[in-house]
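Data file: start00.cif. Format and content: mmCIF, C-alpha atoms.
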data_my_file
#
loop_
_atom_site.label_atom_id
_atom_site.label_comp_id
_atom_site.auth_asym_id
_atom_site.auth_seq_id
_atom_site.Cartn_x
_atom_site.Cartn_y
_atom_site.Cartn_z
CA MET A 1 77.82 -46.32 189.13
CA PRO A 2 75.66 -47.33 186.11
CA PHE A 3 76.56 -50.95 186.86
CA MET A 4 75.29 -50.57 190.42
CA GLY A 5 72.10 -49.02 189.11
CA LEU A 6 71.57 -51.93 186.72
CA GLY A 7 72.17 -54.36 189.55
CA LEU A 8 69.52 -52.66 191.66
CA HIS A 9 67.00 -52.92 188.83
CA VAL A 10 67.68 -56.63 188.56
CA LEU A 11 67.31 -57.14 192.33
CA VAL A 12 63.98 -55.33 192.29
CA ALA A 13 62.85 -57.45 189.34
CA LEU A 14 63.89 -60.60 191.21
CA TYR A 15 61.89 -59.51 194.25
CA PHE A 16 58.77 -58.95 192.15
CA ALA A 17 59.37 -62.22 190.30
CA ALA A 18 59.40 -64.06 193.64
CA HIS A 19 56.21 -62.23 194.62
CA ALA A 20 54.60 -63.21 191.30
CA ILE A 21 55.40 -66.88 191.86
CA ARG A 22 54.24 -66.91 195.50
CA SER A 23 51.01 -65.06 194.73
CA GLY A 24 50.16 -67.22 191.71
CA GLN A 25 50.42 -64.55 189.02
CA PRO A 26 50.49 -65.55 185.32
CA MET A 27 53.91 -66.66 184.09
CA TYR A 28 54.12 -63.89 181.50
CA TRP A 29 54.99 -61.52 184.35
CA LEU A 30 58.30 -63.35 184.74
CA ILE A 31 59.07 -62.79 181.07
CA ILE A 32 58.24 -59.09 181.39
CA LEU A 33 60.27 -58.66 184.58
CA PHE A 34 63.38 -60.38 183.26
CA SER A 35 63.17 -58.90 179.76
CA PHE A 36 62.62 -55.33 180.99
CA PRO A 37 63.78 -55.23 184.65
CA LEU A 38 63.19 -51.51 185.26
CA LEU A 39 60.03 -50.89 183.25
CA GLY A 40 58.63 -54.31 184.09
CA SER A 41 59.14 -53.71 187.81
CA VAL A 42 57.37 -50.36 187.63
CA VAL A 43 54.42 -51.85 185.75
CA TYR A 44 54.22 -54.84 188.12
CA PHE A 45 54.32 -52.56 191.17
CA PHE A 46 51.33 -50.50 190.08
CA ALA A 47 49.37 -53.28 188.36
CA ILE A 48 49.81 -56.15 190.85
CA TYR A 49 51.86 -55.41 193.95
CA LEU A 50 50.30 -52.16 195.18
CA PRO A 51 46.61 -53.10 194.65
CA ASN A 52 47.17 -56.31 196.68
CA SER A 53 49.34 -54.76 199.38
CA LYS A 54 48.26 -54.21 202.97
CA MET A 55 48.97 -50.51 202.55
CA GLU A 56 46.47 -50.25 199.70
CA ARG A 57 43.86 -52.31 201.52
CA GLY A 58 44.40 -50.28 204.67
CA ALA A 59 43.95 -47.00 202.82
CA LYS A 60 40.76 -48.25 201.21
CA LYS A 61 39.42 -49.39 204.58
CA THR A 62 40.19 -46.00 206.12
CA VAL A 63 38.48 -44.07 203.34
CA SER A 64 35.52 -46.45 203.41
CA ALA A 65 35.18 -46.09 207.19
CA ILE A 66 35.11 -42.30 206.92
CA VAL A 67 32.50 -42.35 204.17
CA ASN A 68 30.37 -44.89 206.03
CA SER A 69 30.47 -42.86 209.22
CA ILE A 70 29.07 -39.86 207.34
CA ASP A 71 26.52 -41.71 205.21
CA PRO A 72 26.43 -45.46 205.99
CA THR A 73 24.00 -46.41 203.20
CA ARG A 74 25.28 -44.17 200.43
CA GLU A 75 27.20 -46.79 198.41
CA LEU A 76 24.39 -49.32 198.78
CA ARG A 77 21.79 -46.80 197.54
CA GLU A 78 23.93 -45.68 194.62
CA ALA A 79 24.87 -49.23 193.64
CA LYS A 80 21.25 -50.37 193.75
CA ALA A 81 20.11 -47.37 191.70
CA ALA A 82 22.84 -47.96 189.11
CA PHE A 83 21.90 -51.63 188.77
CA GLU A 84 18.18 -50.92 188.48
CA TYR A 85 18.81 -48.24 185.84
CA THR A 86 21.41 -50.24 183.88
CA PRO A 87 21.33 -53.94 184.86
CA THR A 88 24.78 -54.86 183.55
CA ALA A 89 27.03 -57.49 185.08
CA GLN A 90 29.41 -54.79 186.29
CA ASN A 91 26.63 -52.92 188.08
CA GLN A 92 25.32 -56.13 189.60
CA MET A 93 28.81 -56.91 190.92
CA ARG A 94 28.99 -53.45 192.45
CA TYR A 95 25.56 -53.95 194.02
CA ALA A 96 26.60 -57.36 195.38
CA ASN A 97 29.75 -55.84 196.88
CA ALA A 98 27.72 -53.10 198.53
CA LEU A 99 25.29 -55.65 199.96
CA LEU A 100 28.16 -57.70 201.37
CA GLU A 101 29.73 -54.63 203.00
CA ALA A 102 26.30 -53.78 204.43
CA ASN A 103 26.17 -57.24 206.09
CA ASN A 104 23.40 -58.46 203.81
CA ALA A 105 25.26 -61.63 202.90
CA GLN A 106 22.29 -63.66 201.66
CA GLU A 107 21.21 -61.12 199.06
CA ALA A 108 24.83 -60.50 198.15
CA ALA A 109 25.30 -64.23 197.51
CA PHE A 110 22.21 -64.27 195.28
CA ASN A 111 23.59 -61.45 193.15
CA TYR A 112 27.07 -62.96 192.95
CA GLU A 113 25.56 -66.23 191.76
CA ALA A 114 23.75 -64.34 189.00
CA CYS A 115 27.05 -62.75 187.93
CA LEU A 116 28.73 -66.15 187.77
CA LYS A 117 26.16 -67.43 185.27
CA GLY A 118 27.22 -64.94 182.61
CA PRO A 119 30.46 -64.02 180.83
CA PHE A 120 32.23 -63.69 184.20
CA ALA A 121 31.50 -67.27 185.21
CA ASN A 122 35.18 -68.04 185.77
CA ASP A 123 36.26 -64.69 187.17
CA PRO A 124 38.33 -65.48 190.29
CA GLU A 125 37.57 -62.15 191.99
CA ILE A 126 33.83 -62.71 191.74
CA LYS A 127 34.25 -66.28 192.96
CA LEU A 128 36.23 -65.04 195.96
CA CYS A 129 33.59 -62.41 196.79
CA ALA A 130 30.85 -65.00 196.34
CA ALA A 131 32.72 -67.34 198.67
CA ARG A 132 32.83 -64.58 201.30
CA ALA A 133 29.10 -64.06 200.93
CA PHE A 134 28.43 -67.79 201.19
CA PHE A 135 30.56 -68.02 204.31
CA GLU A 136 28.81 -65.07 205.95
CA SER A 137 25.42 -66.60 205.17
CA ALA A 138 26.51 -70.00 206.56
CA ARG A 139 26.54 -71.69 203.13
CA TYR A 140 29.87 -73.26 203.91
CA GLN A 141 29.91 -76.03 201.29
CA ASP A 142 29.20 -73.52 198.52
CA CYS A 143 31.97 -71.37 199.96
CA ILE A 144 34.43 -74.29 199.89
CA GLN A 145 33.48 -75.24 196.34
CA HIS A 146 34.17 -71.75 194.98
CA LEU A 147 37.43 -71.41 196.88
CA GLN A 148 38.67 -74.75 195.54
CA GLU A 149 37.88 -73.59 192.00
CA ILE A 150 39.82 -70.34 192.42
CA GLY A 151 43.21 -72.01 192.68
CA THR A 152 46.16 -69.69 193.28
CA TYR A 153 44.33 -66.36 193.01
CA LYS A 154 44.98 -64.13 196.05
CA PRO A 155 46.33 -67.14 197.96
CA GLU A 156 46.33 -65.67 201.47
CA GLN A 157 42.71 -64.51 201.35
CA THR A 158 41.58 -67.68 199.59
CA GLN A 159 43.40 -70.16 201.82
CA LEU A 160 42.49 -68.39 205.05
CA LEU A 161 38.81 -68.29 204.17
CA LEU A 162 39.03 -71.95 203.18
CA ALA A 163 40.51 -72.78 206.59
CA LYS A 164 37.63 -70.97 208.31
CA ALA A 165 35.08 -72.77 206.13
CA TYR A 166 36.63 -76.15 206.95
CA ALA A 167 36.50 -75.22 210.64
CA ALA A 168 32.84 -74.20 210.35
CA THR A 169 31.97 -77.59 208.83
CA GLY A 170 33.84 -79.51 211.51
CA GLN A 171 36.63 -80.73 209.21
CA LYS A 172 39.32 -80.35 211.86
CA GLU A 173 42.23 -81.96 210.03
CA LEU A 174 41.73 -79.90 206.88
CA ALA A 175 41.19 -76.76 208.95
CA ALA A 176 44.35 -77.38 210.95
CA GLU A 177 46.35 -77.94 207.77
CA LYS A 178 45.10 -74.72 206.14
CA PHE A 179 45.44 -72.55 209.24
CA LYS A 180 49.02 -73.74 209.79
CA TYR A 181 49.83 -73.24 206.12
CA CYS A 182 48.56 -69.64 206.16
CA ALA A 183 50.36 -68.78 209.40
CA ASP A 184 53.66 -70.27 208.21
CA GLN A 185 53.50 -69.28 204.55
CA PHE A 186 52.21 -65.71 204.90
CA GLY A 187 52.94 -64.95 208.55
CA SER A 188 50.48 -62.07 208.60
CA PHE A 189 48.88 -60.89 211.81
CA GLU A 190 45.42 -61.75 210.47
CA SER A 191 46.35 -65.32 209.53
CA ILE A 192 47.89 -66.01 212.96
CA VAL A 193 44.92 -64.41 214.73
CA GLU A 194 42.45 -66.64 212.88
CA TYR A 195 44.59 -69.68 213.68
CA THR A 196 44.64 -68.62 217.36
CA ILE A 197 40.87 -68.11 217.47
CA TRP A 198 40.40 -71.61 216.07
CA ALA A 199 42.85 -73.07 218.62
CA ILE A 200 41.00 -71.34 221.45
CA ALA A 201 37.69 -72.74 220.22
CA LEU A 202 39.23 -76.23 220.25
CA LYS A 203 40.61 -75.58 223.75
CA ASP A 204 44.07 -76.55 222.52
CA ILE A 205 46.02 -74.79 225.27
CA ASN A 206 49.53 -75.59 224.02
CA LEU A 207 48.86 -74.42 220.47
CA THR A 208 47.03 -71.34 221.73
CA GLU A 209 49.96 -70.32 223.93
CA GLN A 210 52.43 -70.79 221.08
CA LEU A 211 50.35 -68.66 218.74
CA LEU A 212 49.79 -65.95 221.34
CA GLU A 213 53.56 -65.72 221.78
CA ARG A 214 53.95 -65.21 218.03
CA LEU A 215 51.34 -62.47 218.10
CA ASP A 216 53.04 -60.77 221.04
CA LEU A 217 56.31 -60.71 219.10
CA ILE A 218 54.60 -59.15 216.11
CA MET A 219 52.84 -56.48 218.19
CA ARG A 220 55.95 -55.61 220.19
CA ASN A 221 57.20 -53.16 217.57
CA TRP A 222 53.83 -51.88 216.40
CA ASN A 223 53.00 -48.22 216.00
CA ARG A 224 49.62 -46.53 215.91
CA HIS A 225 49.25 -47.16 212.17
CA ASN A 226 49.74 -50.91 212.63
CA LYS A 227 47.06 -50.98 215.31
CA GLU A 228 44.62 -49.15 213.08
CA LEU A 229 45.25 -51.48 210.13
CA ASN A 230 44.67 -54.55 212.30
CA ALA A 231 41.90 -53.16 214.50
CA GLU A 232 39.32 -55.69 213.30
CA SER A 233 41.62 -58.67 213.91
CA LEU A 234 42.56 -57.31 217.34
CA LYS A 235 38.90 -57.01 218.25
CA ARG A 236 38.25 -60.62 217.22
CA LEU A 237 41.29 -61.80 219.16
CA GLN A 238 40.27 -60.01 222.35
CA ALA A 239 36.78 -61.46 222.13
CA ALA A 240 38.21 -64.97 221.69
CA LYS A 241 40.63 -64.57 224.61
CA LYS A 242 37.73 -63.84 226.93
CA LEU A 243 36.59 -67.41 226.31
CA MET A 244 39.80 -68.64 227.94
CA GLN A 245 39.01 -67.00 231.25
#
Would you mind writing the structure in this file as structure tokens?
Amino acid sequence: MPFMGLGLHVLVALYFAAHAIRSGQPMYWLIILFSFPLLGSVVYFFAIYLPNSKMERGAKKTVSAIVNSIDPTRELREAKAAFEYTPTAQNQMRYANALLEANNAQEAAFNYEACLKGPFANDPEIKLCAARAFFESARYQDCIQHLQEIGTYKPEQTQLLLAKAYAATGQKELAAEKFKYCADQFGSFESIVEYTIWAIALKDINLTEQLLERLDLIMRNWNRHNKELNAESLKRLQAAKKLMQ
């Protein structure tokens, strides 16, 4: 029985090691996972896996939606007040995040740029958020530049946004390559939806039909929770499908 328990620890460590490699985590995680399979797996789960999981992101979105429905401008007000009272880089990042969530992409981009001029100039999370703000404010080349500098950080989010930025600048071959990569490599509902929306915009009927079939297969076994987690992507997909009629 102890042998079986040890084997399970190793299997879990191998799973997290594969996740670390695919998601571009630092190589020291592999040393930790293989040197201390049980403890390393527990630490990796809470430090890396859970914060980046769809479950965690879904929970945050749900809580945020509830708070916003009660007081839509609360976080923006508090973040602005905190930054004005104590203009630190951390408070400016919080303010920029609040601006981006409030659909004020241009001002958010301005604040992210200010953050990237200081000690956090190479912070991949800030670069990713700045890229989102640039994309939303139609500064697509700036968006592409930051995403290319990020490298392997949060690969699905980074590569999918890069695909959309290439599409927005009319770089069809690069967009096609990135959309296909995201759909095949990550296989998430969001990545396939964005690929489908792009195919619809190009009026590529064959590709669109293939992607819609993949989406139908994914949704076939969905429950209510799955629908709630992917509500935004579903809404975008339905809007795009109307263009086919």
Hey, can I get the axis-aligned box for region 209-223 of chain A? All listed atoms, 3 Å padding on each side, centre and edge lengths in Å to one decimal, as AutoDock Vina command-line options.
--center_x 53.5 --center_y -59.5 --center_z 220.0 --size_x 13.4 --size_y 28.6 --size_z 13.9
Pull out every residue that the PyMOL selection byres ((chain A and resi 218) around 12) matches in the shown coordinates and put them as a CSV table (one decimal) with C-alpha atoms, keeping the file's coordinate frame.
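Resulting contents of expr-v4.csv:
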chain,number,residue,atom,x,y,z
A,187,GLY,CA,52.9,-65.0,208.6
A,188,SER,CA,50.5,-62.1,208.6
A,189,PHE,CA,48.9,-60.9,211.8
A,190,GLU,CA,45.4,-61.8,210.5
A,192,ILE,CA,47.9,-66.0,213.0
A,193,VAL,CA,44.9,-64.4,214.7
A,211,LEU,CA,50.4,-68.7,218.7
A,212,LEU,CA,49.8,-66.0,221.3
A,213,GLU,CA,53.6,-65.7,221.8
A,214,ARG,CA,54.0,-65.2,218.0
A,215,LEU,CA,51.3,-62.5,218.1
A,216,ASP,CA,53.0,-60.8,221.0
A,217,LEU,CA,56.3,-60.7,219.1
A,219,MET,CA,52.8,-56.5,218.2
A,220,ARG,CA,56.0,-55.6,220.2
A,221,ASN,CA,57.2,-53.2,217.6
A,222,TRP,CA,53.8,-51.9,216.4
A,223,ASN,CA,53.0,-48.2,216.0
A,226,ASN,CA,49.7,-50.9,212.6
A,227,LYS,CA,47.1,-51.0,215.3
A,230,ASN,CA,44.7,-54.6,212.3
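Within the file as shown, the PyMOL selection byres ((chain A and resi 137-148) around 7) identifies A:Ala105, A:Gln106, A:Lys127, A:Leu128, A:Ala131, A:Arg132, A:Ala133, A:Phe134, A:Phe135, A:Glu136, A:Glu149, A:Ile150, A:Gly151, A:Thr158, A:Leu162, A:Ala165, A:Thr169.
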- Query: If the PyMOL selection byres ((chain A and resi 111-120) around 12) is run on the structure shown, which residues does it catch, given as a PyMOL selection string?
  - Reply: chain A and resi 80+83+87-100+104-110+121-134+142-143+146
- In Å, how far is it from CA of Phe36 (chain A) to CA of Ile48 (chain A)?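 We find that CA of Phe36 (chain A) and CA of Ile48 (chain A) lie 16.2 Å from each other.
Going from CA of Ala168 (chain A) to CA of Lys241 (chain A) covers 18.9 Å.
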- Message: For Leu202 (chain A), find every residue with an atom within 12 Å (counting only C-alpha atoms), except residues of its own chain fewer than 2 positions away, and show them as a PyMOL selection string.
- Response: chain A and resi 167-168+170+172+175-176+195-200+204-208+240+243-244
- Task: Work out how far apart CA of Ala18 (chain A) and CA of Leu160 (chain A) are and give it in Å to one decimal.
- Result: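 Computed distance, CA of Ala18 (chain A) to CA of Leu160 (chain A), equals 20.9 Å.
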- Taking into account all atoms listed in the file, which residue in the set A:Phe179, A:Ser41, A:Gln25, A:Ala102 is nearest to Thr73 (chain A)?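 Going through A:Phe179, A:Ser41, A:Gln25, A:Ala102 one by one, the smallest distance to Thr73 (chain A) is for A:Ala102.
Counting all atoms listed in the file and comparing A:Gln210, A:Lys164, A:Leu174, A:Phe34, the residue that lies closest to Val12 (chain A) is A:Phe34.
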- Task: Quick one: everything within 12 Å of His19 (chain A), counting only C-alpha atoms, minus sequence neighbours fewer than 5 positions away in the same chain. Send it as a ChimeraX atom specification.
- Result: /A:12-14,24-27,29-30,33,41,44-45,48-50,52-53,154-155,186
- Which residue of A:Ser191, A:Ala183, A:Pro37, A:Arg224 approaches Tyr15 (chain A) most closely, using all atoms listed in the file: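 The answer is A:Pro37, which sits nearest to Tyr15 (chain A).
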